[in-house]
Amino acid sequence: MTYRNRSTGPMTTAIHAGETPDPTTGASAPPLHMSSTFVTDQVAGFSAHDLEDNGAFLYARWGNPTVQMLEQKIAALEGTEDCLCVASGMAAATAIFLTFLSAGDHAVVSDVSYAGVAELARDTLPRLGIAVDTVNMSDPAAVAAAIRPNTKLIHTETPVNPIGRLTDLAEIATLAKQAGALMSCDATFASPLGQDCSALGVDLIMHSVTKYIGGHGDAVGGAVAGRKELIAQMRGEASIHHGGIMSPFNAWLIARGLSLLPMRMKAHEAGAMAVAQWLEAQPSVTRVIYPGLASQPQHDLAQRQMTNMSGMIAFQVGSAAQGEALHRR
């Protein structure tokens, strides 16, 4: 049975998950803890290996109450046991790759990914002795053919940035399970409200929280949600050893934006659909790519997999020259 960490609706969860009244002042709004160190009665050396799993805070690289509040909020929205927040979306992707892949391992990665992820897979991972094959994730047969005995990770992205292509997450998750590999998904363009990645079999759900989750364009961050044991591995490797932690101030800003995510995503979807339908009617537009349109080749998959079509649209106008001319108008 899939673990579901959500007992309330998405609007209530987005507002209240991870938050409690301040025990000292009774303030209902979450406080901002800008402290690098914390006073504790715990006797420990200056190593994360000495940490006790009792919720106490010692040093901000190991954990911070404001960041933890955001992690609990995202985990609740994703319906997962835990979440790790880091400094950026790329820090989240790097955390996945460098926690679960080692020299001699193999990864299958979407052939269209966020540029930083594509460059990491193409340039950095091979330098570390990690083999990578890039595959069109909308073709399960191609994914199956790319899997090797040493495949440890299948990394997907849906909808794909920037072309809006979808991946059948349940089908790819089945392939990953059969291969004994983990499956991760960059779900930034969908948001936690756009598709239920956990229920579809994704092990590690990644977001650039700079985008939809934060929503205000004033804070950079990343997050990975998943099972507790997987997130614990990433916390020890990516946060404590690599050091790419999220600032408490950014966590506070992003949590503020997240409280309105359900309302914003409804507005994004409605606005995008109106624009996409208008674009389809323009004679100068040769193709509109938006999963909510009935004309899309993957519309059936979108209807089956997505609960919100989000606000990302791509369209074509015939040629690069025409696109450049349109851009200059």
# chains A, B, ... in the order shown; residues from 1 in each chain; ligands from 1
>>> residues_around(residues="Met265 (chain A)", least_positions_apart="2", cutoff="10 Å", atoms="only C-alpha atoms", output="NGL selection string")
:A and (190-194 or 212-213 or 215 or 260-263 or 267-271 or 308-311)
>>> select_by_dssp(residues="region 133-280 of chain A", states="alpha helix (DSSP H)", output="MDAnalysis selection string")
chainID A and resid 140:146 169:179 228:234 248:258 261:280
>>> atom_distance(atom1="CA of Ala56 (chain A)", atom2="CA of Gly243 (chain A)")
19.3 Å
>>> closest_atom_pairs(of="region 104-192 of chain A", to="region 227-239 of chain A", cutoff="12 Å", atoms="only C-alpha atoms", output="Markdown table")
| residue | atom | partner | partner_atom | distance |
| --- | --- | --- | --- | --- |
| A:Leu182 | CA | A:Leu230 | CA | 9.9 |
| A:Met183 | CA | A:Leu230 | CA | 11.6 |
| A:Ser184 | CA | A:Leu230 | CA | 11.4 |
>>> closest_residue(among="A:Thr286, A:Ser88, A:Thr8, A:Asn150", to="Gly214 (chain A)", atoms="only C-alpha atoms")
A:Ser88
>>> closest_residue(among="A:Ser259, A:Ile96, A:Leu301, A:Pro248", to="Gly63 (chain A)", atoms="only C-alpha atoms")
A:Pro248
>>> residues_around(residues="Leu326 (chain A)", least_positions_apart="4", cutoff="10 Å", atoms="only C-alpha atoms", output="list in words")
Ser284, Val317, Ala320, Ala321 and Gln322 of chain A
>>> select_by_dssp(residues="region 12-244 of chain A", states="strand (DSSP E or B)", output="VMD selection string")
chain A and resid 37 59 82 to 86 106 to 110 131 to 135 151 to 157 182 to 186 195 204 to 208 222 to 226
>>> write_last_selection(atoms="N, CA and C atoms", output="short mmCIF file (atom, residue, chain, number, x, y, z; two decimals), in the first residue's frame")
data_model
loop_
_atom_site.label_atom_id
_atom_site.label_comp_id
_atom_site.auth_asym_id
_atom_site.auth_seq_id
_atom_site.Cartn_x
_atom_site.Cartn_y
_atom_site.Cartn_z
N THR A 37 23.52 27.87 15.25
CA THR A 37 23.71 26.84 16.27
C THR A 37 22.56 26.87 17.26
N TYR A 59 23.10 22.16 14.78
CA TYR A 59 23.84 23.01 13.84
C TYR A 59 23.02 23.12 12.56
N ASP A 82 8.76 11.88 4.00
CA ASP A 82 9.75 12.89 4.37
C ASP A 82 10.12 13.72 3.14
N CYS A 83 10.88 14.78 3.39
CA CYS A 83 11.33 15.67 2.33
C CYS A 83 12.64 16.32 2.76
N LEU A 84 13.49 16.57 1.80
CA LEU A 84 14.74 17.30 2.04
C LEU A 84 14.71 18.57 1.21
N CYS A 85 14.91 19.72 1.85
CA CYS A 85 15.03 20.99 1.14
C CYS A 85 16.50 21.38 1.04
N VAL A 86 16.90 21.85 -0.13
CA VAL A 86 18.29 22.21 -0.40
C VAL A 86 18.34 23.58 -1.08
N HIS A 106 25.12 2.87 -13.44
CA HIS A 106 24.53 3.36 -14.69
C HIS A 106 23.20 4.03 -14.38
N ALA A 107 22.92 5.13 -15.08
CA ALA A 107 21.66 5.85 -14.94
C ALA A 107 21.03 6.05 -16.30
N VAL A 108 19.71 5.99 -16.34
CA VAL A 108 18.94 6.33 -17.54
C VAL A 108 18.25 7.66 -17.25
N VAL A 109 18.49 8.65 -18.10
CA VAL A 109 18.03 10.01 -17.87
C VAL A 109 17.23 10.48 -19.09
N SER A 110 16.20 11.25 -18.85
CA SER A 110 15.40 11.81 -19.94
C SER A 110 16.28 12.57 -20.93
N ALA A 131 28.05 5.82 -15.75
CA ALA A 131 27.58 5.76 -17.13
C ALA A 131 26.15 6.28 -17.22
N VAL A 132 25.86 7.00 -18.30
CA VAL A 132 24.54 7.60 -18.48
C VAL A 132 24.05 7.34 -19.91
N ASP A 133 22.80 6.90 -20.03
CA ASP A 133 22.12 6.86 -21.32
C ASP A 133 20.95 7.82 -21.25
N THR A 134 20.79 8.65 -22.28
CA THR A 134 19.64 9.55 -22.35
C THR A 134 18.62 8.96 -23.31
N VAL A 135 17.35 8.99 -22.88
CA VAL A 135 16.29 8.28 -23.59
C VAL A 135 15.03 9.12 -23.62
N THR A 151 22.14 -0.67 -13.76
CA THR A 151 21.31 0.53 -13.71
C THR A 151 20.78 0.71 -12.29
N LYS A 152 21.08 1.84 -11.69
CA LYS A 152 20.67 2.12 -10.32
C LYS A 152 19.60 3.21 -10.23
N LEU A 153 19.46 4.01 -11.31
CA LEU A 153 18.54 5.15 -11.24
C LEU A 153 17.95 5.42 -12.62
N ILE A 154 16.63 5.66 -12.67
CA ILE A 154 15.96 6.16 -13.86
C ILE A 154 15.38 7.53 -13.50
N HIS A 155 15.89 8.57 -14.17
CA HIS A 155 15.48 9.94 -13.85
C HIS A 155 14.60 10.49 -14.96
N THR A 156 13.39 10.83 -14.60
CA THR A 156 12.42 11.34 -15.56
C THR A 156 12.13 12.82 -15.28
N GLU A 157 11.42 13.42 -16.19
CA GLU A 157 10.93 14.78 -16.01
C GLU A 157 9.61 14.87 -16.75
N LEU A 182 16.06 2.76 -8.56
CA LEU A 182 15.22 3.83 -8.07
C LEU A 182 14.70 4.65 -9.25
N MET A 183 13.55 5.29 -9.05
CA MET A 183 13.02 6.19 -10.07
C MET A 183 12.82 7.57 -9.45
N SER A 184 13.37 8.56 -10.10
CA SER A 184 13.17 9.95 -9.68
C SER A 184 12.44 10.71 -10.77
N CYS A 185 11.75 11.77 -10.37
CA CYS A 185 11.01 12.58 -11.34
C CYS A 185 11.14 14.05 -10.96
N ASP A 186 11.59 14.85 -11.91
CA ASP A 186 11.54 16.30 -11.77
C ASP A 186 10.12 16.73 -12.13
N GLN A 195 0.23 16.33 -10.28
CA GLN A 195 0.19 14.89 -10.46
C GLN A 195 0.64 14.22 -9.16
N LEU A 204 11.55 9.20 -5.74
CA LEU A 204 12.11 10.49 -5.35
C LEU A 204 11.49 11.57 -6.22
N ILE A 205 10.73 12.47 -5.60
CA ILE A 205 10.00 13.52 -6.31
C ILE A 205 10.75 14.83 -6.12
N MET A 206 11.25 15.37 -7.21
CA MET A 206 12.11 16.55 -7.15
C MET A 206 11.38 17.79 -7.64
N HIS A 207 11.66 18.92 -6.99
CA HIS A 207 11.12 20.21 -7.42
C HIS A 207 12.18 21.29 -7.32
N SER A 208 12.20 22.18 -8.29
CA SER A 208 12.82 23.48 -8.08
C SER A 208 11.74 24.32 -7.41
N GLY A 222 15.41 24.09 -3.65
CA GLY A 222 15.04 22.81 -4.24
C GLY A 222 14.53 21.87 -3.18
N ALA A 223 13.84 20.82 -3.60
CA ALA A 223 13.30 19.85 -2.65
C ALA A 223 13.22 18.48 -3.30
N VAL A 224 13.39 17.44 -2.48
CA VAL A 224 13.17 16.06 -2.90
C VAL A 224 12.32 15.40 -1.83
N ALA A 225 11.21 14.81 -2.24
CA ALA A 225 10.30 14.12 -1.32
C ALA A 225 10.31 12.63 -1.61
N GLY A 226 10.16 11.83 -0.56
CA GLY A 226 10.15 10.39 -0.76
C GLY A 226 10.09 9.64 0.55
#
>>> atom_distance(atom1="CA of Gly18 (chain A)", atom2="CA of Ser35 (chain A)")
19.1 Å
>>> closest_residue(among="A:Pro297, A:Pro21, A:Gly89, A:Gly26", to="Gly244 (chain A)", atoms="only C-alpha atoms")
A:Gly89
>>> residues_around(residues="Val160 (chain A)", least_positions_apart="5", cutoff="10 Å", atoms="only C-alpha atoms", output="PyMOL selection string")
chain A and resi 110-114+137+165-167+186-190+312
>>> closest_residue(among="A:Val220, A:Ile254, A:Ala29, A:Ile289", to="Lys73 (chain A)", atoms="only C-alpha atoms")
A:Ile254
>>> atom_distance(atom1="CA of Leu70 (chain A)", atom2="CA of Pro30 (chain A)")
10.1 Å
>>> residues_around(residues="Phe315 (chain A)", least_positions_apart="5", cutoff="10 Å", atoms="only C-alpha atoms", output="list in words")
Ile163, Gly164, Ala276, Leu279, Glu280, Val285, Thr286, Arg287, Val288, Ile289, Tyr290 and Gly323 of chain A
>>> write_last_selection(atoms="C-alpha atoms", output="short mmCIF file (atom, residue, chain, number, x, y, z; two decimals), in the first residue's frame")
data_model
loop_
_atom_site.label_atom_id
_atom_site.label_comp_id
_atom_site.auth_asym_id
_atom_site.auth_seq_id
_atom_site.Cartn_x
_atom_site.Cartn_y
_atom_site.Cartn_z
CA ILE A 163 8.65 21.13 -24.77
CA GLY A 164 5.83 19.89 -22.52
CA ALA A 276 -3.50 27.91 -25.49
CA LEU A 279 -2.99 30.42 -29.86
CA GLU A 280 -4.54 27.43 -31.63
CA VAL A 285 0.88 29.50 -35.05
CA THR A 286 1.69 26.05 -36.45
CA ARG A 287 1.61 24.07 -33.20
CA VAL A 288 0.56 24.61 -29.57
CA ILE A 289 1.90 22.30 -26.86
CA TYR A 290 -0.22 22.23 -23.70
CA GLY A 323 10.16 32.99 -34.22
#
